[in-house]
file input37.txt (compact mmCIF, C-alpha atoms (C1' of nucleotides))
# COMPACT_ATOMS: atom_id res chain seq x y z
CA MET A 1 -37.28 33.14 54.87
CA ASN A 2 -34.80 33.66 52.06
CA ILE A 3 -32.78 30.82 50.62
CA ASP A 4 -29.06 31.45 50.93
CA PHE A 5 -27.63 29.76 47.88
CA GLU A 6 -24.09 30.82 48.71
CA LYS A 7 -24.24 29.22 52.15
CA GLY A 8 -26.04 26.18 50.82
CA SER A 9 -23.42 25.76 48.12
CA LEU A 10 -20.64 25.88 50.68
CA LEU A 11 -22.32 23.09 52.64
CA LEU A 12 -22.83 21.03 49.50
CA LYS A 13 -19.27 21.64 48.27
CA ALA A 14 -17.98 20.46 51.62
CA ILE A 15 -19.59 17.04 51.26
CA ALA A 16 -19.31 16.84 47.46
CA ASP A 17 -16.07 14.91 47.61
CA PRO A 18 -15.80 11.10 47.72
CA THR A 19 -13.43 11.12 50.66
CA ARG A 20 -15.39 13.66 52.68
CA ILE A 21 -18.80 12.11 52.09
CA CYS A 22 -17.33 8.84 53.28
CA ILE A 23 -15.85 10.55 56.33
CA VAL A 24 -19.23 11.87 57.43
CA HIS A 25 -20.75 8.46 56.69
CA ILE A 26 -18.23 6.74 58.94
CA LEU A 27 -18.73 9.39 61.61
CA SER A 28 -22.50 8.96 61.49
CA CYS A 29 -22.11 5.97 63.82
CA GLY A 30 -20.20 7.97 66.42
CA GLU A 31 -17.18 10.08 67.21
CA LEU A 32 -13.74 8.95 66.08
CA CYS A 33 -10.26 10.37 66.42
CA VAL A 34 -8.15 11.16 63.36
CA CYS A 35 -5.97 8.09 63.61
CA GLU A 36 -9.06 5.88 63.74
CA ILE A 37 -10.66 7.65 60.78
CA GLN A 38 -7.44 7.29 58.85
CA LYS A 39 -7.64 3.49 58.91
CA TYR A 40 -10.60 3.71 56.56
CA PHE A 41 -8.77 5.73 53.91
CA ASN A 42 -5.77 5.69 51.60
CA VAL A 43 -4.79 9.31 52.09
CA SER A 44 -1.94 10.91 54.00
CA GLN A 45 -2.51 12.32 57.48
CA PRO A 46 -2.24 15.95 56.32
CA THR A 47 -4.72 15.32 53.52
CA LEU A 48 -7.16 13.77 55.96
CA SER A 49 -6.62 16.68 58.32
CA HIS A 50 -7.38 19.04 55.45
CA HIS A 51 -10.64 17.26 54.64
CA LEU A 52 -11.67 17.30 58.29
CA ALA A 53 -10.95 21.03 58.47
CA ILE A 54 -13.20 21.68 55.47
CA LEU A 55 -16.05 19.70 57.02
CA LYS A 56 -15.54 21.41 60.36
CA ASN A 57 -15.41 24.89 58.82
CA VAL A 58 -18.91 24.51 57.44
CA GLY A 59 -20.10 23.07 60.75
CA ILE A 60 -21.09 19.65 59.44
CA ILE A 61 -18.76 17.96 61.92
CA THR A 62 -17.59 18.89 65.40
CA ALA A 63 -14.12 18.58 66.91
CA SER A 64 -13.23 18.04 70.54
CA ARG A 65 -9.84 17.31 71.95
CA LYS A 66 -9.51 14.47 74.44
CA GLY A 67 -5.90 14.30 75.53
CA LYS A 68 -3.67 13.64 72.58
CA TRP A 69 -6.62 12.79 70.40
CA MET A 70 -8.94 15.02 68.47
CA TYR A 71 -12.37 13.48 68.16
CA TYR A 72 -14.61 14.35 65.25
CA GLY A 73 -18.33 13.74 65.10
CA ILE A 74 -21.40 14.56 63.04
CA ASN A 75 -23.25 17.79 63.82
CA ARG A 76 -26.82 16.61 63.29
CA GLU A 77 -28.22 20.13 63.48
CA GLN A 78 -26.14 21.23 60.52
CA VAL A 79 -27.12 18.10 58.62
CA LYS A 80 -30.74 19.06 59.19
CA LEU A 81 -30.00 22.53 57.87
CA LEU A 82 -28.51 20.96 54.76
CA THR A 83 -31.41 18.61 54.08
CA GLY A 84 -33.84 21.42 54.85
CA PHE A 85 -32.02 23.64 52.39
CA LEU A 86 -32.31 20.97 49.70
CA ASP A 87 -35.99 20.45 50.45
CA THR A 88 -36.61 24.16 50.02
CA VAL A 89 -34.57 24.32 46.83
CA PHE A 90 -36.56 21.57 45.15
CA LEU A 91 -39.96 22.60 46.49
CA PRO A 92 -42.11 24.27 43.84
CA GLY A 93 -44.61 26.91 44.82
CA ASP A 94 -45.24 30.55 45.59
CA ALA A 95 -42.02 30.87 47.56
CA CYS A 96 -39.90 29.96 44.53
CA LEU A 97 -37.57 32.67 43.34
CA CYS A 98 -38.87 32.27 39.80
CA LYS A 99 -41.59 34.67 41.01
CA VAL A 100 -39.14 37.24 42.31
CA ILE A 101 -37.12 39.69 40.26
CA LYS A 102 -34.48 41.81 41.97
CA GLU A 103 -33.53 45.39 41.17
CA ASP A 104 -30.81 44.35 38.75
CA GLY A 105 -33.33 42.27 36.85
CA THR A 106 -32.00 38.95 38.09
CA SER A 107 -33.32 36.88 40.95
CA CYS A 108 -30.49 34.64 42.18
CA MET B 1 -27.02 -2.26 48.57
CA ASN B 2 -23.67 -0.54 48.40
CA ILE B 3 -23.32 3.20 48.63
CA ASP B 4 -21.61 4.64 45.58
CA PHE B 5 -19.71 7.60 46.96
CA GLU B 6 -18.22 8.45 43.58
CA LYS B 7 -21.61 8.69 41.93
CA GLY B 8 -23.10 10.51 44.90
CA SER B 9 -20.24 12.99 44.86
CA LEU B 10 -20.82 13.70 41.18
CA LEU B 11 -24.47 14.48 41.90
CA LEU B 12 -23.55 16.69 44.83
CA LYS B 13 -20.79 18.48 42.90
CA ALA B 14 -23.27 19.21 40.13
CA ILE B 15 -25.55 21.15 42.45
CA ALA B 16 -22.80 22.50 44.73
CA ASP B 17 -22.54 25.76 42.85
CA PRO B 18 -24.57 28.89 43.63
CA THR B 19 -25.66 29.37 40.04
CA ARG B 20 -26.57 25.75 39.47
CA ILE B 21 -28.47 25.27 42.72
CA CYS B 22 -30.47 28.36 41.79
CA ILE B 23 -31.10 26.98 38.33
CA VAL B 24 -32.64 23.80 39.69
CA HIS B 25 -34.61 25.87 42.18
CA ILE B 26 -36.07 28.00 39.41
CA LEU B 27 -36.77 24.90 37.33
CA SER B 28 -38.55 23.23 40.24
CA CYS B 29 -41.66 25.20 39.27
CA GLY B 30 -41.64 23.94 35.71
CA GLU B 31 -39.76 23.69 32.45
CA LEU B 32 -38.08 26.77 31.01
CA CYS B 33 -36.04 27.46 27.90
CA VAL B 34 -32.48 28.80 28.14
CA CYS B 35 -33.38 32.37 27.27
CA GLU B 36 -36.01 32.41 30.03
CA ILE B 37 -33.61 30.92 32.55
CA GLN B 38 -31.01 33.48 31.59
CA LYS B 39 -33.21 36.36 32.74
CA TYR B 40 -32.67 35.21 36.30
CA PHE B 41 -28.88 35.32 36.13
CA ASN B 42 -25.93 37.58 35.49
CA VAL B 43 -23.88 35.13 33.46
CA SER B 44 -23.13 34.89 29.78
CA GLN B 45 -25.10 32.55 27.55
CA PRO B 46 -22.16 30.13 27.11
CA THR B 47 -21.63 30.01 30.86
CA LEU B 48 -25.29 29.25 31.46
CA SER B 49 -25.18 26.60 28.73
CA HIS B 50 -22.17 25.08 30.46
CA HIS B 51 -23.98 24.93 33.83
CA LEU B 52 -27.03 23.37 32.21
CA ALA B 53 -24.82 20.75 30.55
CA ILE B 54 -23.30 19.81 33.91
CA LEU B 55 -26.73 19.41 35.50
CA LYS B 56 -27.99 17.44 32.53
CA ASN B 57 -24.94 15.15 32.47
CA VAL B 58 -25.67 13.92 35.97
CA GLY B 59 -29.33 13.54 35.10
CA ILE B 60 -30.69 16.06 37.58
CA ILE B 61 -32.36 18.00 34.79
CA THR B 62 -33.86 16.98 31.47
CA ALA B 63 -33.60 18.72 28.10
CA SER B 64 -36.13 18.64 25.31
CA ARG B 65 -36.10 20.70 22.16
CA LYS B 66 -39.26 22.44 21.10
CA GLY B 67 -38.59 24.23 17.86
CA LYS B 68 -35.86 26.78 18.31
CA TRP B 69 -36.01 26.45 22.06
CA MET B 70 -34.41 23.93 24.36
CA TYR B 71 -36.51 23.36 27.45
CA TYR B 72 -34.93 22.25 30.67
CA GLY B 73 -36.75 20.74 33.62
CA ILE B 74 -36.17 18.95 36.91
CA ASN B 75 -35.78 15.18 36.86
CA ARG B 76 -37.58 14.32 40.09
CA GLU B 77 -36.42 10.71 40.01
CA GLN B 78 -32.80 11.76 40.11
CA VAL B 79 -33.55 14.23 42.89
CA LYS B 80 -35.01 11.35 44.86
CA LEU B 81 -31.86 9.34 44.23
CA LEU B 82 -29.83 12.25 45.58
CA THR B 83 -31.87 12.73 48.74
CA GLY B 84 -31.96 8.98 49.23
CA PHE B 85 -28.20 8.86 48.91
CA LEU B 86 -27.84 11.55 51.56
CA ASP B 87 -30.25 9.78 53.87
CA THR B 88 -28.19 6.60 53.59
CA VAL B 89 -24.93 8.45 54.11
CA PHE B 90 -26.07 10.01 57.36
CA LEU B 91 -27.94 6.98 58.66
CA PRO B 92 -26.05 5.22 61.45
CA GLY B 93 -26.41 1.48 61.91
CA ASP B 94 -25.25 -1.96 60.88
CA ALA B 95 -25.09 -1.00 57.21
CA CYS B 96 -22.50 1.69 57.89
CA LEU B 97 -19.14 1.14 56.24
CA CYS B 98 -17.39 1.74 59.55
CA LYS B 99 -18.12 -1.98 60.10
CA VAL B 100 -16.59 -3.06 56.82
CA ILE B 101 -12.92 -3.35 56.03
CA LYS B 102 -11.84 -4.10 52.46
CA GLU B 103 -8.88 -6.19 51.37
CA ASP B 104 -6.55 -3.22 51.22
CA GLY B 105 -7.44 -2.40 54.81
CA THR B 106 -9.57 0.62 53.92
CA SER B 107 -13.31 0.74 53.60
CA CYS B 108 -14.20 3.70 51.35
C1' DA C 1 13.40 18.08 80.59
C1' DT C 2 13.08 14.72 76.93
C1' DA C 3 11.05 11.60 73.91
C1' DA C 4 7.07 9.76 71.66
C1' DT C 5 2.62 10.18 69.68
C1' DA C 6 -1.41 12.79 67.56
C1' DA C 7 -2.81 16.25 64.72
C1' DA C 8 -2.33 20.77 62.27
C1' DT C 9 0.08 23.95 59.25
C1' DA C 10 3.11 25.44 55.38
C1' DG C 11 4.56 25.15 50.88
C1' DA C 12 4.55 23.05 46.36
C1' DT C 13 2.25 21.08 42.44
C1' DA C 14 -0.98 19.06 39.28
C1' DT C 15 -5.68 18.98 38.09
C1' DA C 16 -10.43 20.76 38.09
C1' DT C 17 -13.61 24.53 37.73
C1' DG C 18 -16.07 28.83 36.39
C1' DT C 19 -16.02 32.34 33.33
C1' DC C 20 -15.90 34.86 28.99
C1' DA C 21 -15.41 36.08 23.85
C1' DA C 22 -15.59 34.05 19.52
C1' DT C 23 -17.47 30.70 16.68
C1' DA C 24 -20.42 26.92 15.18
C1' DT C 25 -24.80 24.54 14.85
C1' DA C 26 -29.83 24.14 14.73
C1' DT C 27 -34.32 25.72 13.72
C1' DA C 28 -37.94 28.75 11.86
C1' DG C 29 -39.60 32.21 8.89
C1' DA C 30 -39.35 35.32 4.85
C1' DT D 1 -32.13 29.85 -0.02
C1' DC D 2 -31.10 33.55 3.03
C1' DT D 3 -31.62 35.63 7.54
C1' DA D 4 -32.59 35.91 12.27
C1' DT D 5 -32.89 33.71 16.64
C1' DA D 6 -31.69 30.09 20.12
C1' DT D 7 -28.37 27.26 21.93
C1' DA D 8 -23.94 24.65 22.01
C1' DT D 9 -18.96 24.28 21.40
C1' DT D 10 -14.15 25.89 21.42
C1' DG D 11 -10.29 27.90 23.37
C1' DA D 12 -8.22 30.77 26.76
C1' DC D 13 -7.47 32.15 31.40
C1' DA D 14 -7.70 32.90 36.36
C1' DT D 15 -8.95 30.74 40.50
C1' DA D 16 -10.01 26.77 43.43
C1' DT D 17 -9.06 22.15 44.92
C1' DA D 18 -6.80 17.75 46.28
C1' DT D 19 -2.75 15.87 47.22
C1' DC D 20 1.88 15.21 48.91
C1' DT D 21 6.33 15.97 51.88
C1' DA D 22 8.33 18.49 55.45
C1' DT D 23 7.69 20.87 59.53
C1' DT D 24 5.36 22.56 63.62
C1' DT D 25 2.37 22.37 67.56
C1' DA D 26 0.04 19.96 71.33
C1' DT D 27 -0.23 16.49 74.68
C1' DT D 28 1.32 12.63 77.45
C1' DA D 29 4.61 9.57 79.53
C1' DT D 30 9.27 8.59 81.06

call {"tool": "encode", "arguments": {"input": "input37.txt", "output": "structure tokens"}}
result
Amino acid sequence: MNIDFEKGSLLLKAIADPTRICIVHILSCGELCVCEIQKYFNVSQPTLSHHLAILKNVGIITASRKGKWMYYGINREQVKLLTGFLDTVFLPGDACLCKVIKEDGTSC
Amino acid sequence: MNIDFEKGSLLLKAIADPTRICIVHILSCGELCVCEIQKYFNVSQPTLSHHLAILKNVGIITASRKGKWMYYGINREQVKLLTGFLDTVFLPGDACLCKVIKEDGTSC
DNA sequence: ATAATAAATAGATATATGTCAATATATAGA
DNA sequence: TCTATATATTGACATATATCTATTTATTAT
């Protein structure tokens, strides 16, 4: 069970933005369409769309069209992957990469 | 108990980098000096110093000089703050900001 | 078909970030 | 005090990111 720091970083980067972390917070109570989400923020529609695309690309939110509206919602499975990743990262022990040295001499 | 998305984002940004998340992982087993940490990575000494400074600035790692060496280690309290922040962000319920609208009409 | 609404894409721009080489600072030992 | 070692700082540069306006695409209703 190797830790994928690249993948983990992508997940973290996706939520490491004030607007995006607030988006997922708002969505944690249930699905919302873009125009509903937008009421909570002071950003343009394209900017919001951009943030939603970033969150969706890493799988932390889902998107489903219902008529004219695109509904976004939290993907709890991916959230679990994220928290699990963090747990592993901060867990000391025999599985830590400080015990492993790769061929090039490094370990990460 | 308000959620500080700006502060949370700073914490997340600090670890949302492949090198830095690996640094904290390595440090999770115990304190190490810079030259020991460097063995695990393929980056220059100034670059590593820069990453360590970022992690230290948000309080996720500590620094203590011992003679010529600067030892860095995990700050478990700050890690708890981070995981607690994430728990709150993803927790649905009455405390969610989707129920709150500020004066300017937004909520985040 | 046409118009209206919802959302995404394209293109531009300013700022932030990660990296390195060169240099400076700090500490210990001779 | 001089030298060697450990780490930090500076300055430069390329890439990534967040944001906007303008436009396009998708869907529904008239």

call {"tool": "atom_distance", "arguments": {"input": "input37.txt", "atom1": "atom CA of B:Ser28", "atom2": "atom CA of A:Leu91"}}
result
6.4 Å

call {"tool": "residues_around", "arguments": {"input": "input37.txt", "residues": "D:DT21", "least_positions_apart": "3", "cutoff": "12 Å", "atoms": "all atoms listed in the file", "output": "ChimeraX atom specification"}}
result
/A:44-47 /C:10-13

call {"tool": "interface_residues", "arguments": {"input": "input37.txt", "of": "chain A", "to": "chain C", "cutoff": "9 Å", "atoms": "only C-alpha atoms (C1' of nucleotides)", "output": "ChimeraX atom specification"}}
result
/A:34-35,45-46,49-50,68-70

call {"tool": "write_last_selection", "arguments": {"input": "input37.txt", "atoms": "C-alpha atoms", "output": "PDB file, in the coordinates of the input"}}
result
ATOM      1  CA  VAL A  34      -8.150  11.160  63.360  1.00  0.00           C
ATOM      2  CA  CYS A  35      -5.970   8.090  63.610  1.00  0.00           C
ATOM      3  CA  GLN A  45      -2.510  12.320  57.480  1.00  0.00           C
ATOM      4  CA  PRO A  46      -2.240  15.950  56.320  1.00  0.00           C
ATOM      5  CA  SER A  49      -6.620  16.680  58.320  1.00  0.00           C
ATOM      6  CA  HIS A  50      -7.380  19.040  55.450  1.00  0.00           C
ATOM      7  CA  LYS A  68      -3.670  13.640  72.580  1.00  0.00           C
ATOM      8  CA  TRP A  69      -6.620  12.790  70.400  1.00  0.00           C
ATOM      9  CA  MET A  70      -8.940  15.020  68.470  1.00  0.00           C
TER      10      MET A  70
END

call {"tool": "calpha_fit_and_write", "arguments": {"input": "input37.txt", "fixed": "chain B", "moving": "chain A", "output": "compact mmCIF listing (two decimals) with C-alpha atoms, keeping the file's coordinate frame"}}
result
# COMPACT_ATOMS: atom_id res chain seq x y z
CA MET A 1 -27.09 -2.21 48.50
CA ASN A 2 -23.71 -0.51 48.38
CA ILE A 3 -23.34 3.24 48.62
CA ASP A 4 -21.60 4.67 45.58
CA PHE A 5 -19.71 7.62 46.97
CA GLU A 6 -18.19 8.48 43.60
CA LYS A 7 -21.60 8.73 41.94
CA GLY A 8 -23.07 10.53 44.92
CA SER A 9 -20.22 13.02 44.88
CA LEU A 10 -20.79 13.74 41.21
CA LEU A 11 -24.44 14.51 41.92
CA LEU A 12 -23.53 16.72 44.86
CA LYS A 13 -20.76 18.51 42.92
CA ALA A 14 -23.25 19.23 40.17
CA ILE A 15 -25.55 21.17 42.49
CA ALA A 16 -22.81 22.52 44.78
CA ASP A 17 -22.55 25.77 42.88
CA PRO A 18 -24.58 28.91 43.66
CA THR A 19 -25.66 29.39 40.07
CA ARG A 20 -26.58 25.76 39.49
CA ILE A 21 -28.48 25.29 42.74
CA CYS A 22 -30.47 28.37 41.81
CA ILE A 23 -31.09 26.98 38.33
CA VAL A 24 -32.64 23.80 39.70
CA HIS A 25 -34.61 25.88 42.19
CA ILE A 26 -36.07 28.01 39.41
CA LEU A 27 -36.77 24.91 37.34
CA SER A 28 -38.55 23.23 40.24
CA CYS A 29 -41.68 25.19 39.28
CA GLY A 30 -41.64 23.93 35.70
CA GLU A 31 -39.75 23.68 32.45
CA LEU A 32 -38.05 26.75 31.01
CA CYS A 33 -36.02 27.42 27.91
CA VAL A 34 -32.47 28.77 28.13
CA CYS A 35 -33.37 32.33 27.24
CA GLU A 36 -36.01 32.37 29.98
CA ILE A 37 -33.61 30.90 32.54
CA GLN A 38 -31.02 33.46 31.56
CA LYS A 39 -33.21 36.35 32.71
CA TYR A 40 -32.69 35.21 36.28
CA PHE A 41 -28.90 35.32 36.11
CA ASN A 42 -25.95 37.61 35.44
CA VAL A 43 -23.92 35.13 33.44
CA SER A 44 -23.18 34.89 29.73
CA GLN A 45 -25.16 32.51 27.53
CA PRO A 46 -22.24 30.09 27.09
CA THR A 47 -21.65 30.01 30.83
CA LEU A 48 -25.30 29.25 31.45
CA SER A 49 -25.19 26.59 28.76
CA HIS A 50 -22.17 25.08 30.49
CA HIS A 51 -23.97 24.94 33.84
CA LEU A 52 -27.02 23.36 32.23
CA ALA A 53 -24.81 20.74 30.58
CA ILE A 54 -23.28 19.82 33.94
CA LEU A 55 -26.71 19.42 35.54
CA LYS A 56 -27.96 17.43 32.57
CA ASN A 57 -24.91 15.16 32.51
CA VAL A 58 -25.64 13.93 36.01
CA GLY A 59 -29.32 13.53 35.14
CA ILE A 60 -30.66 16.06 37.62
CA ILE A 61 -32.35 18.00 34.82
CA THR A 62 -33.84 16.95 31.50
CA ALA A 63 -33.59 18.67 28.13
CA SER A 64 -36.10 18.60 25.31
CA ARG A 65 -36.04 20.64 22.17
CA LYS A 66 -39.23 22.40 21.12
CA GLY A 67 -38.54 24.20 17.87
CA LYS A 68 -35.81 26.73 18.34
CA TRP A 69 -35.98 26.40 22.08
CA MET A 70 -34.39 23.89 24.38
CA TYR A 71 -36.49 23.33 27.46
CA TYR A 72 -34.90 22.22 30.70
CA GLY A 73 -36.74 20.72 33.63
CA ILE A 74 -36.15 18.96 36.93
CA ASN A 75 -35.76 15.18 36.88
CA ARG A 76 -37.57 14.32 40.11
CA GLU A 77 -36.40 10.71 40.03
CA GLN A 78 -32.78 11.77 40.13
CA VAL A 79 -33.53 14.24 42.90
CA LYS A 80 -35.00 11.36 44.88
CA LEU A 81 -31.84 9.36 44.25
CA LEU A 82 -29.81 12.26 45.59
CA THR A 83 -31.86 12.74 48.75
CA GLY A 84 -31.94 8.98 49.24
CA PHE A 85 -28.18 8.87 48.90
CA LEU A 86 -27.82 11.56 51.56
CA ASP A 87 -30.24 9.77 53.86
CA THR A 88 -28.19 6.61 53.57
CA VAL A 89 -24.92 8.46 54.11
CA PHE A 90 -26.07 10.01 57.36
CA LEU A 91 -27.95 6.98 58.66
CA PRO A 92 -26.07 5.21 61.45
CA GLY A 93 -26.43 1.49 61.90
CA ASP A 94 -25.28 -1.95 60.87
CA ALA A 95 -25.12 -0.99 57.21
CA CYS A 96 -22.52 1.70 57.87
CA LEU A 97 -19.18 1.14 56.22
CA CYS A 98 -17.42 1.71 59.53
CA LYS A 99 -18.17 -2.00 60.05
CA VAL A 100 -16.64 -3.06 56.76
CA ILE A 101 -12.96 -3.35 55.95
CA LYS A 102 -11.89 -4.07 52.38
CA GLU A 103 -8.96 -6.18 51.24
CA ASP A 104 -6.60 -3.22 51.12
CA GLY A 105 -7.46 -2.42 54.71
CA THR A 106 -9.58 0.60 53.87
CA SER A 107 -13.33 0.75 53.55
CA CYS A 108 -14.20 3.74 51.34

call {"tool": "atom_distance", "arguments": {"input": "input37.txt", "atom1": "atom CA of A:Phe85", "atom2": "atom CA of B:Cys22"}}
result
11.7 Å

call {"tool": "interface_residues", "arguments": {"input": "input37.txt", "of": "chain D", "to": "chain B", "cutoff": "10 Å", "atoms": "only C-alpha atoms (C1' of nucleotides)", "output": "list in words"}}
result
DT5, DA6, DT7, DA8 and DT9 of chain D

call {"tool": "interface_residues", "arguments": {"input": "input37.txt", "of": "chain A", "to": "chain B", "cutoff": "7 Å", "atoms": "all atoms listed in the file", "output": "JSON, numbers by chain"}}
result
{"A": [5, 6, 9, 12, 13, 16, 17, 18, 21, 22, 25, 26, 28, 29, 39, 40, 41, 42, 89, 90, 91, 92, 93, 96, 97, 98, 106, 107, 108]}

call {"tool": "closest_residue", "arguments": {"input": "input37.txt", "among": "A:Gly84, A:Val43, A:Gly59, A:Glu31", "to": "A:Tyr71", "atoms": "all atoms listed in the file"}}
result
A:Glu31

call {"tool": "atom_distance", "arguments": {"input": "input37.txt", "atom1": "atom CA of A:Leu48", "atom2": "atom C1' of D:DT15"}}
result
23.0 Å

call {"tool": "closest_residue", "arguments": {"input": "input37.txt", "among": "B:His51, B:Lys56, B:Ala95, B:Asn2", "to": "B:Tyr72", "atoms": "all atoms listed in the file"}}
result
B:Lys56

call {"tool": "axis_aligned_box", "arguments": {"input": "input37.txt", "around": "stretch 6-20 of chain D", "padding_each_side": "3 Å", "output": "JSON"}}
result
{"center_x": -14.9, "center_y": 24.1, "center_z": 34.5, "size_x": 39.6, "size_y": 23.7, "size_z": 34.8}
